[in-house]
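Just below is one structure, and these are the notes that go with it.
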There are 4 protein chains.
Amino acid sequence: MAAISFFGDLLQTISERGRDLIGFGRGDLAARANAQELIKLCEDLISRRGEASGVALARLILDRYASLARPERANFLRMAATEFAADHDAVDEAIAAYRAAPSRAALGALHDAAEPRSQELIRRLNLARDGTLALVRMREDLFSLRRALRDEEADPDLIDAADSLDSDFEHLFASWFNRGFLVLRPIDWTTPAHILEKIIRYEAVHAIADWDDLRRRIAPRDRRCFAFFHPALVDEPLIFVEVALTAGIAPAIAPILAHEREPLAPREATTAIFYSISNCQKGLAGVTFGNFLIKQVVEDLAREIPSLKTFVTLSPVPGFATWLDRERRADAPQGLTREDVEALRLIDEPDWHADKAKAEIVRKAMIPAAAAYFLRAKNERGKPLDPVARFHLGNGARLERLNFLGDVSRKGLAQSRGLMVNYLYDLSAIEKNHETFANLGTVAASSAVTRELRNNLPPARAVALADA
Amino acid sequence: MAAISFFGDLLQTISERGRDLIGFGRGDLAARANAQELIKLCEDLISRRGEASGVALARLILDRYASLARPERANFLRMAATEFAADHDAVDEAIAAYRAAPSRAALGALHDAAEPRSQELIRRLNLARDGTLALVRMREDLFSLRRALRDEEADPDLIDAADSLDSDFEHLFASWFNRGFLVLRPIDWTTPAHILEKIIRYEAVHAIADWDDLRRRIAPRDRRCFAFFHPALVDEPLIFVEVALTAGIAPAIAPILAHEREPLAPREATTAIFYSISNCQKGLAGVTFGNFLIKQVVEDLAREIPSLKTFVTLSPVPGFATWLDRERRADAPQGLTREDVEALRLIDEPDWHADKAKAEIVRKAMIPAAAAYFLRAKNERGKPLDPVARFHLGNGARLERLNFLGDVSRKGLAQSRGLMVNYLYDLSAIEKNHETFANLGTVAASSAVTRELRNNLPPARAVALADA
Amino acid sequence: MAAISFFGDLLQTISERGRDLIGFGRGDLAARANAQELIKLCEDLISRRGEASGVALARLILDRYASLARPERANFLRMAATEFAADHDAVDEAIAAYRAAPSRAALGALHDAAEPRSQELIRRLNLARDGTLALVRMREDLFSLRRALRDEEADPDLIDAADSLDSDFEHLFASWFNRGFLVLRPIDWTTPAHILEKIIRYEAVHAIADWDDLRRRIAPRDRRCFAFFHPALVDEPLIFVEVALTAGIAPAIAPILAHEREPLAPREATTAIFYSISNCQKGLAGVTFGNFLIKQVVEDLAREIPSLKTFVTLSPVPGFATWLDRERRADAPQGLTREDVEALRLIDEPDWHADKAKAEIVRKAMIPAAAAYFLRAKNERGKPLDPVARFHLGNGARLERLNFLGDVSRKGLAQSRGLMVNYLYDLSAIEKNHETFANLGTVAASSAVTRELRNNLPPARAVALADA
Amino acid sequence: MAAISFFGDLLQTISERGRDLIGFGRGDLAARANAQELIKLCEDLISRRGEASGVALARLILDRYASLARPERANFLRMAATEFAADHDAVDEAIAAYRAAPSRAALGALHDAAEPRSQELIRRLNLARDGTLALVRMREDLFSLRRALRDEEADPDLIDAADSLDSDFEHLFASWFNRGFLVLRPIDWTTPAHILEKIIRYEAVHAIADWDDLRRRIAPRDRRCFAFFHPALVDEPLIFVEVALTAGIAPAIAPILAHEREPLAPREATTAIFYSISNCQKGLAGVTFGNFLIKQVVEDLAREIPSLKTFVTLSPVPGFATWLDRERRADAPQGLTREDVEALRLIDEPDWHADKAKAEIVRKAMIPAAAAYFLRAKNERGKPLDPVARFHLGNGARLERLNFLGDVSRKGLAQSRGLMVNYLYDLSAIEKNHETFANLGTVAASSAVTRELRNNLPPARAVALADA
């Protein structure tokens, strides 16, 4: 009647069952074998009624999965994708029953029958301590597998199955990482080092060079950083935003990241600049965080620092260089006049931006082009081409300013010809902006931006233009 | 461009929309009107694409719901149950498509179409801060509604719809309150008072009279209490268990709850008695906690106090008195001999238990009857009649002892004729016990218990008997 | 080279040394013997140079002391008081050296020589974990001893020695419990129960009946409670104050303590009433806390709730009944006219306060008498007779109002004939009030109070009167 | 009756008083003036009776002090040292009274009179929030002043006064930073960055190059770090120790600090190596921490990791190179034979330690020399020359091993010719070792060390040698 570890006992119980699976060699055969063994354990986990030992079994599966080599893990995921589908016979029966008597109960039964068994599997794996993080990591492996399947032009059914498994993850993660479960925490110089280390690693917009660089971004009194956390992933930020408190809307990134600065007293700040926002967990792709984060931070900062009146981003324009090059080569550009094309030849010259005269000529052509890029150029769904624009406009922000040479770093020049923009979060207008953008594709923009749009462009899609 | 509260703005936006709904009178008409207004807001919440203002809208709906009078809330839930069903046309289309080409994608589409829209509604309401608790409370209202509908013999369709809405809650709560998200916390005399107040209120087995009584249960060094919490319901215990550390298996509850006791040094304890386990949130009915709680506490205590060798409950037998009375009146009792029936007449006399001679006569008849109650009497699903027995046996515990006059309180005599039992949690046997019980209905019992079973009972269902 | 417990080893080392002390019988002899043994250990502690084992030895002494019976502890303290005096020979030498060459170093040496060795003993006992609390408790025992010595008219030298030991405690406690080391913490319904239990126990002004009563004082949104803690006494409040947020200056205690009240929204409060302030640790008598506590709470509340404009106490007048009775019996009362004496005869009648007519007659005499009590009656040091008045006036507060029948509880009528008063903390006047009170004995009082003073009183000590 | 800030009011009150002090120019005159103004405020602080405004006044003085330029601060400290001495007249009176009647009370009065007023000043300055840290920093300035006074051969009286002021600080700090008030906290990779930054800065033995280096020392599972903190200095470690868990006594530092290592599972560790211990606060010089830290860490580690049997340092020998050079040049060396001197010529050659043959020759001479350095060479107080040896032996540790070429870093070769040693903390022997070392100067050493001592050395001081 000894009280030895529950896990220990369970392992024994399970290993008796799985004894014949022991003793595989190395290499691909072993990989498949191990994966197959894991699939068996998963079947076991999903089929038992009482959940009596579910916690330990889930932990065992996740531990074994983590110990597998990469190809073994891929094998496991292939099998999981195909073997935990819904049962087609059961679906057919449920359809028949529903057709016979389309009651609510029959529909419920149909819904249940049509649910992939992989959803229940994922839920049960989450019984384990730290299971959620393990599942997030597992989905990252699934991304790799899906890429690989597409690259190797695998069986479409298999691709389908893998995509479907990914949807199961996304569906459950969206439920588990619901806004109501997220916790906002400030990140500053009193934050534990193992969290800060991840901020350094996950920063995706303006790379953080080292700990000194990090310190400059979070320690001064006119800098803020906030991250969302989930209680089940205590040490893992989900998304974070870096904020500079300033005396006005910043048009360029370099002064914000400067090494030597005199910090501003927060009570003298009028403007909060959101200059970097990074998602941290690839495995949570498709789950919305940024939208909630920005709004929460705006509210919290407005309460903490009453002098703040303006909440604005300083954002890159990642699609601009590609679009501009295409326009310049086009027979009938949508956003450039002939003169603009001519003027923009200068940007092919090295260091054009450092030459004041050249820069001024470029500016006169580039700013109207940028206005067209944001206000007229649309993708097939009628939304702006620029992904960052789609994010902020979709949140209800307004395109406020076009900043010529806002980012003259190598990356800034390469991807956006130095252009940066500000999106303004005006809480009193967010709801309306969001709705017109979502429903009509209308881009909310300041008159300063719309004024830049040339009158003499071809009429195409001018309909989508609006002044907020 | 002012940074006033996001909620404030949203309220304005929404109230413009809802202006025509303002000004209802009181009473039932108003109730329906308000409920209808809320339903409109719910439609709004569920249909908007960007989630831009979902947080504030969800908060608004939940706040308004909380401010409704009881009949208004019932009205809202009636409407919600019927109006957020799946769209039958869409289901029919999805069925057709799936039949035409039964691909994984088509099945996924069918699954989506068959999902009640109320599930998405619940998910979106959970965007709000403290939304989860509000939803748990809402489900409690739904229980009342469902009872009322049955009582008033309402339209079966409506009953169906309400049951279906309840299933949606249960399904999502099971996912959100997954074991992986629960946090175990000790409850002791250093716990904040507002938590302790709830322990007093929620105790369901042996009522806690007042703060002094509570103190006696959690402050002494040989007493422990543990509760599960969920990060989204910070101040609300979900379930808790009270534990006494003793030098042997306790056969009666009174000494455990005694006012004057000399506490035992923990390192001298050999046995942990789980003498009370209470679920706290009616709104989470159907979500499994107790199973996980007991196992976690066994593991933690075994680690903390190495001298502990035995983990056992001291449990009531809530169905025993009813069964025994039925048996005594039966023409052909299943668990009593003619002599037993005769002997048990004594329990109709007042204070029989206080008379040693009478008690001894009763004991000789009651203990074999109890053995029959646990080992032979089964419900329609082949499981024991006693709900507490089903819980612990389902967890993999073993019925260890039958304690005559273990609880001579008024409640104890009324519901179980004074009987209490011990269920033993032996971690090395839990898995096997659970499986045989789940699959075959076999009751794991000590030989001390099985020995009590009379040989001369009728043969019925003796099949179900087993010695662990 | 085993790493067994440091304490264990030390105990062995020490017990070898003290073996001959083992084996005492019970009773007084044993008491003295044990006390003597402890004194030896104290000598050991104080004389060792390296502090190598001081922590364990200090712990041992304090543990043994705690395990002694009361008379043994008294014996120990007697001995400690006499045996750890300064060394007179060393003092004489130091005096001689200082006289020969009155250098700073010689003076320092003299200071060191004149320090009672008991101070160093107390410092070293504080090396032990939880030593500070044990020392506070030890001083409480010393209070009992000093009372007993006076009661039994003991040798004046011994009384002197005990008083001197008490001064050593007070001196060190004043240094250790310096304001800079105190931590202010709010006490509310989320505070751990073991702290709240002490609030109930330590409340000294308006007794807290039970947990429900406590809840009414700290849980509502218009109630606050704050306590000072010291990091070395984590679970022991040092002093606490109870505050009611109201819409005006409360003249009576009953409405504040009422069972059924509609709580006020804090933002509608204009006034914070400090209606109870209690010291918790008798062993810290003489160390100032209340002054700092009130000022800190005023500052914190003013910051948290900008609508608060008035900070005022609602205080008992514990010396009033005694003084009034003396005056009434006096041949030449200082604060009553002949008519007043006549009118006040009514207060000898039972339930006079419940009779409106009688109460009105009493009021007209009592309020001027109260004005005289506060403004004219002085003790031998020229300060008001009332101890609560001395405390608040010494803090720089102003006597703001005299509240007739402010406390009609049995205690309130007995000790102050129902009178309560408000002292106002006006931060802009505190400094000046304090200085004039400290230097001149001038009582700061509102004109409403000074107006009540009769003109026709005898001239004695009228000098001390002033209007703030 | 407005509730504006208490500090604000006080500042006004005080500035009225000090108005004539406003308007000083810059430079030395201003410095003296500002210092003088501060001295006046200090007089004010120390003389007021009621402590009514002490908190704010103390804060004001400390803030002003912090804002002074370095020479102004020095001026303030000069004045404070001379002007807050004890009052000689009062001392003379107290002596006379004591001589007339040498009572305990008279002695107490003498003790009080002889106390420098600067002690009371320091206590009162500590009323301020964060006052303790400010006082620690002030003592650091006092160190600079004392050095400067000695360097400039200032008036001996002034030097005396400054030394005396320093004693006051040390006396009070020893009381405030008593072991009983210290808190031990682990330092690891989850520690807040602003604390870790200070660990990097304060490490005094083996410098921490950067954050990666820090991470290697505190993040791996076989590394530990612990620091003492004081509640009044929350973000300032007082002292910390770095520990490596190993499978045996490490003879060299390089493997411990290696970049690429396979960490050991803690349960496989038998030995805890204390390889670096650093005091953090210069202003707390003279207050004992290291002794308590090591013992506490030994106890805690022994409890946490039962497999640990040996607790040992890996220590530098900072005085060895100097002593060895002196010996080599001496006519009659105390610890070297003629042959040793000859062999040790090799260490004057560059990179001698990298040549195996040379190193072996050196080793044979250096190890006996090291034995003599530790066991025979004594300072004027009969203690070992080496300061690190005095610390650990004074704590009761035993000199366990001499490690030739234990530290071949530039610093290691320069200060100790590569020698490192292990001191063993055997808790069962600490008390005895400490006492014999403290009383007799006996060095506890393993037989492995004592065996190395040559027999043919001159007899001087061989008495002090002992084998533990």
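Ordering of the structure tokens sets the chain letters (A, B, ...), residue numbers begin anew at 1 in every chain, and ligands are numbered from 1 in the order given.
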Self-check item: Exercise: B:Ile273 partners within 8 Å, only C-alpha atoms, chain neighbours under 3 positions left out, as a PyMOL selection string
Solution: chain B and resi 243-246+249-250+311-314
Exercise. Once DSSP has gone over the backbone, tell me which residues of stretch 30-272 of chain C are in strand (DSSP E), as a PyMOL selection string.
Key: chain C and resi 183-186+223-229+239-246+271-272
Written selection (C-alpha atoms) as a compact mmCIF listing (two decimals), in the first residue's frame:
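File produced: part-v7.txt:
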```txt
# COMPACT_ATOMS: atom_id res chain seq x y z
CA VAL C 183 6.22 49.03 6.15
CA LEU C 184 2.66 50.28 5.78
CA ARG C 185 0.17 47.68 4.60
CA PRO C 186 -3.55 47.95 3.99
CA ARG C 223 -13.84 51.65 5.06
CA ARG C 224 -10.06 51.43 5.27
CA CYS C 225 -7.59 49.95 7.70
CA PHE C 226 -3.82 50.29 7.68
CA ALA C 227 -1.11 48.76 9.80
CA PHE C 228 2.61 49.17 10.24
CA PHE C 229 4.68 46.01 10.02
CA ILE C 239 -0.11 49.42 15.22
CA PHE C 240 -3.20 49.90 13.08
CA VAL C 241 -5.78 52.53 12.39
CA GLU C 242 -9.36 52.12 11.22
CA VAL C 243 -10.77 54.75 8.89
CA ALA C 244 -14.27 55.57 7.71
CA LEU C 245 -14.76 57.58 4.52
CA THR C 246 -17.74 59.86 4.96
CA THR C 271 -13.75 63.25 4.92
CA ALA C 272 -11.62 60.48 6.37
```
Quiz prompt | Length of the atom CA of D:Ser315 to atom CA of D:Phe274 vector [Å] | solution = 8.1 Å
Self-check item: Surrounding residues of B:Ile95 excluding itself and chain neighbours under 2 positions, 12 Å, only C-alpha atoms, as a count of residues only
Solution: 33
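Counting only C-alpha atoms, every residue of chain C that comes within 7 Å of chain B is listed here: Trp189, Thr190, Thr191, Pro192, Ala193 and His194 of chain C.
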Quiz item: So which residues touch D:Ala444 within 12 Å, counting only C-alpha atoms, skipping near sequence neighbours fewer than 3 positions away, as a VMD selection string?
Solution: chain D and resid 374 to 375 384 389 to 390 392 to 401 423 to 426 429 to 438 440 to 441 447 to 450 464 to 468
Write out as a PDB file with C-alpha atoms, in the first residue's frame each polymer residue whose atoms come within 10 Å of B:Leu142, counting only C-alpha atoms; drop sequence neighbours fewer than 6 positions from it.
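Produced file result-v4.pdb, reproduced below:
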```
ATOM      1  CA  ARG B  73     -32.340  36.803 -17.474  1.00  0.00           C
ATOM      2  CA  ALA B  74     -34.504  33.741 -18.008  1.00  0.00           C
ATOM      3  CA  PHE B  76     -32.560  36.155 -22.445  1.00  0.00           C
ATOM      4  CA  LEU B  77     -31.473  32.563 -21.999  1.00  0.00           C
ATOM      5  CA  ARG B  78     -34.620  31.236 -23.671  1.00  0.00           C
ATOM      6  CA  ALA B  81     -31.061  28.918 -26.659  1.00  0.00           C
ATOM      7  CA  VAL B 136     -20.172  30.302 -15.053  1.00  0.00           C
ATOM      8  CA  ALA B 148     -38.461  25.597 -14.544  1.00  0.00           C
ATOM      9  CA  ALA B 162     -31.979  24.853 -23.382  1.00  0.00           C
ATOM     10  CA  ASP B 163     -30.321  21.467 -22.894  1.00  0.00           C
ATOM     11  CA  LEU B 165     -27.172  25.450 -24.853  1.00  0.00           C
ATOM     12  CA  ASP B 166     -26.111  23.823 -21.611  1.00  0.00           C
ATOM     13  CA  PHE B 169     -21.342  25.646 -21.945  1.00  0.00           C
ATOM     14  CA  GLY B 283     -21.997  26.375 -13.051  1.00  0.00           C
TER      15      GLY B 283
END
```
So that I can check the surroundings of A:Glu304, please list as an mmCIF file with N, CA and C atoms, in the first residue's frame every protein, DNA and RNA residue that reaches within 10 Å of it, counting only C-alpha atoms and ignoring chain neighbours fewer than 4 positions away.
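Contents of part_10.cif, freshly written:
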```
data_model
loop_
_atom_site.group_PDB
_atom_site.id
_atom_site.type_symbol
_atom_site.label_atom_id
_atom_site.label_comp_id
_atom_site.auth_asym_id
_atom_site.auth_seq_id
_atom_site.Cartn_x
_atom_site.Cartn_y
_atom_site.Cartn_z
ATOM 1 N N PRO A 266 8.103 61.554 -17.759
ATOM 2 C CA PRO A 266 6.827 61.065 -18.290
ATOM 3 C C PRO A 266 5.716 62.122 -18.273
ATOM 4 N N ARG A 267 5.685 62.950 -17.240
ATOM 5 C CA ARG A 267 4.568 63.909 -17.169
ATOM 6 C C ARG A 267 4.686 64.986 -18.238
ATOM 7 N N VAL A 298 -2.974 51.217 -24.697
ATOM 8 C CA VAL A 298 -3.460 52.591 -24.839
ATOM 9 C C VAL A 298 -4.292 52.977 -23.616
ATOM 10 N N GLU A 299 -5.188 52.121 -23.237
ATOM 11 C CA GLU A 299 -6.022 52.435 -22.071
ATOM 12 C C GLU A 299 -5.199 52.596 -20.799
ATOM 13 N N ASP A 300 -4.270 51.662 -20.592
ATOM 14 C CA ASP A 300 -3.493 51.698 -19.353
ATOM 15 C C ASP A 300 -2.589 52.925 -19.301
ATOM 16 N N LEU A 308 -0.698 62.250 -21.707
ATOM 17 C CA LEU A 308 -0.648 61.605 -23.028
ATOM 18 C C LEU A 308 -1.954 61.845 -23.769
#
```
Exercise. Name the residues in contact with B:His206 at a cut-off of 10 Å, using only C-alpha atoms, excluding same-chain residues fewer than 4 positions from it; report them as a PyMOL selection string.
Key: chain B and resi 253+257+275-278+316+409+411-412
Please save N, CA, C and O atoms of the selected residues as an mmCIF file, in the first residue's frame.
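Okay, this is what ended up in again-v9.cif:
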```
data_model
loop_
_atom_site.group_PDB
_atom_site.id
_atom_site.type_symbol
_atom_site.label_atom_id
_atom_site.label_comp_id
_atom_site.auth_asym_id
_atom_site.auth_seq_id
_atom_site.Cartn_x
_atom_site.Cartn_y
_atom_site.Cartn_z
ATOM 1 N N ILE B 253 -16.236 10.136 12.110
ATOM 2 C CA ILE B 253 -15.956 11.534 11.808
ATOM 3 C C ILE B 253 -15.840 12.399 13.055
ATOM 4 O O ILE B 253 -15.098 13.389 13.072
ATOM 5 N N LEU B 257 -13.512 15.970 13.885
ATOM 6 C CA LEU B 257 -14.050 17.320 14.001
ATOM 7 C C LEU B 257 -14.114 17.814 15.444
ATOM 8 O O LEU B 257 -14.635 18.899 15.704
ATOM 9 N N TYR B 275 -11.518 13.569 4.389
ATOM 10 C CA TYR B 275 -12.828 13.399 5.036
ATOM 11 C C TYR B 275 -13.911 14.316 4.482
ATOM 12 O O TYR B 275 -15.051 14.272 4.924
ATOM 13 N N SER B 276 -13.540 15.175 3.537
ATOM 14 C CA SER B 276 -14.576 16.031 2.947
ATOM 15 C C SER B 276 -14.074 16.553 1.606
ATOM 16 O O SER B 276 -12.945 17.025 1.512
ATOM 17 N N ILE B 277 -14.883 16.457 0.593
ATOM 18 C CA ILE B 277 -14.518 16.995 -0.712
ATOM 19 C C ILE B 277 -15.743 17.671 -1.299
ATOM 20 O O ILE B 277 -16.817 17.082 -1.342
ATOM 21 N N SER B 278 -15.596 18.955 -1.644
ATOM 22 C CA SER B 278 -16.757 19.748 -2.063
ATOM 23 C C SER B 278 -16.491 20.466 -3.378
ATOM 24 O O SER B 278 -15.477 21.162 -3.514
ATOM 25 N N PRO B 316 -19.269 9.545 3.478
ATOM 26 C CA PRO B 316 -20.658 9.235 3.774
ATOM 27 C C PRO B 316 -21.183 8.219 2.757
ATOM 28 O O PRO B 316 -20.526 7.927 1.756
ATOM 29 N N SER B 409 -24.312 11.908 13.675
ATOM 30 C CA SER B 409 -25.010 13.198 13.608
ATOM 31 C C SER B 409 -26.409 12.933 13.049
ATOM 32 O O SER B 409 -26.682 11.880 12.463
ATOM 33 N N LYS B 411 -27.816 14.190 10.491
ATOM 34 C CA LYS B 411 -27.731 13.958 9.049
ATOM 35 C C LYS B 411 -27.184 12.560 8.751
ATOM 36 O O LYS B 411 -27.662 11.848 7.876
ATOM 37 N N GLY B 412 -26.172 12.156 9.504
ATOM 38 C CA GLY B 412 -25.547 10.853 9.279
ATOM 39 C C GLY B 412 -26.506 9.708 9.533
ATOM 40 O O GLY B 412 -26.527 8.715 8.783
#
```
Self-check item: Residue set, stretch 260-341 of chain C restricted to helix (DSSP H, G or I), as an MDAnalysis selection string
Solution: chainID C and resid 266:268 282:284 290:304 320:329 338:341
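Atom CA of D:Arg376 is found 16.0 Å from atom CA of D:Ala321.
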Self-check item: Distance of atom CA of B:Ala86 from atom CA of A:Phe289, expressed in Å to one decimal place
Solution: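 Atom CA of B:Ala86 lies at a distance of 27.6 Å from atom CA of A:Phe289.
For the set D:Ala128, D:Lys295, D:Arg59, D:Ala69, the residue with the smallest atom-to-atom gap to D:Ser428 is D:Lys295, counting only C-alpha atoms.
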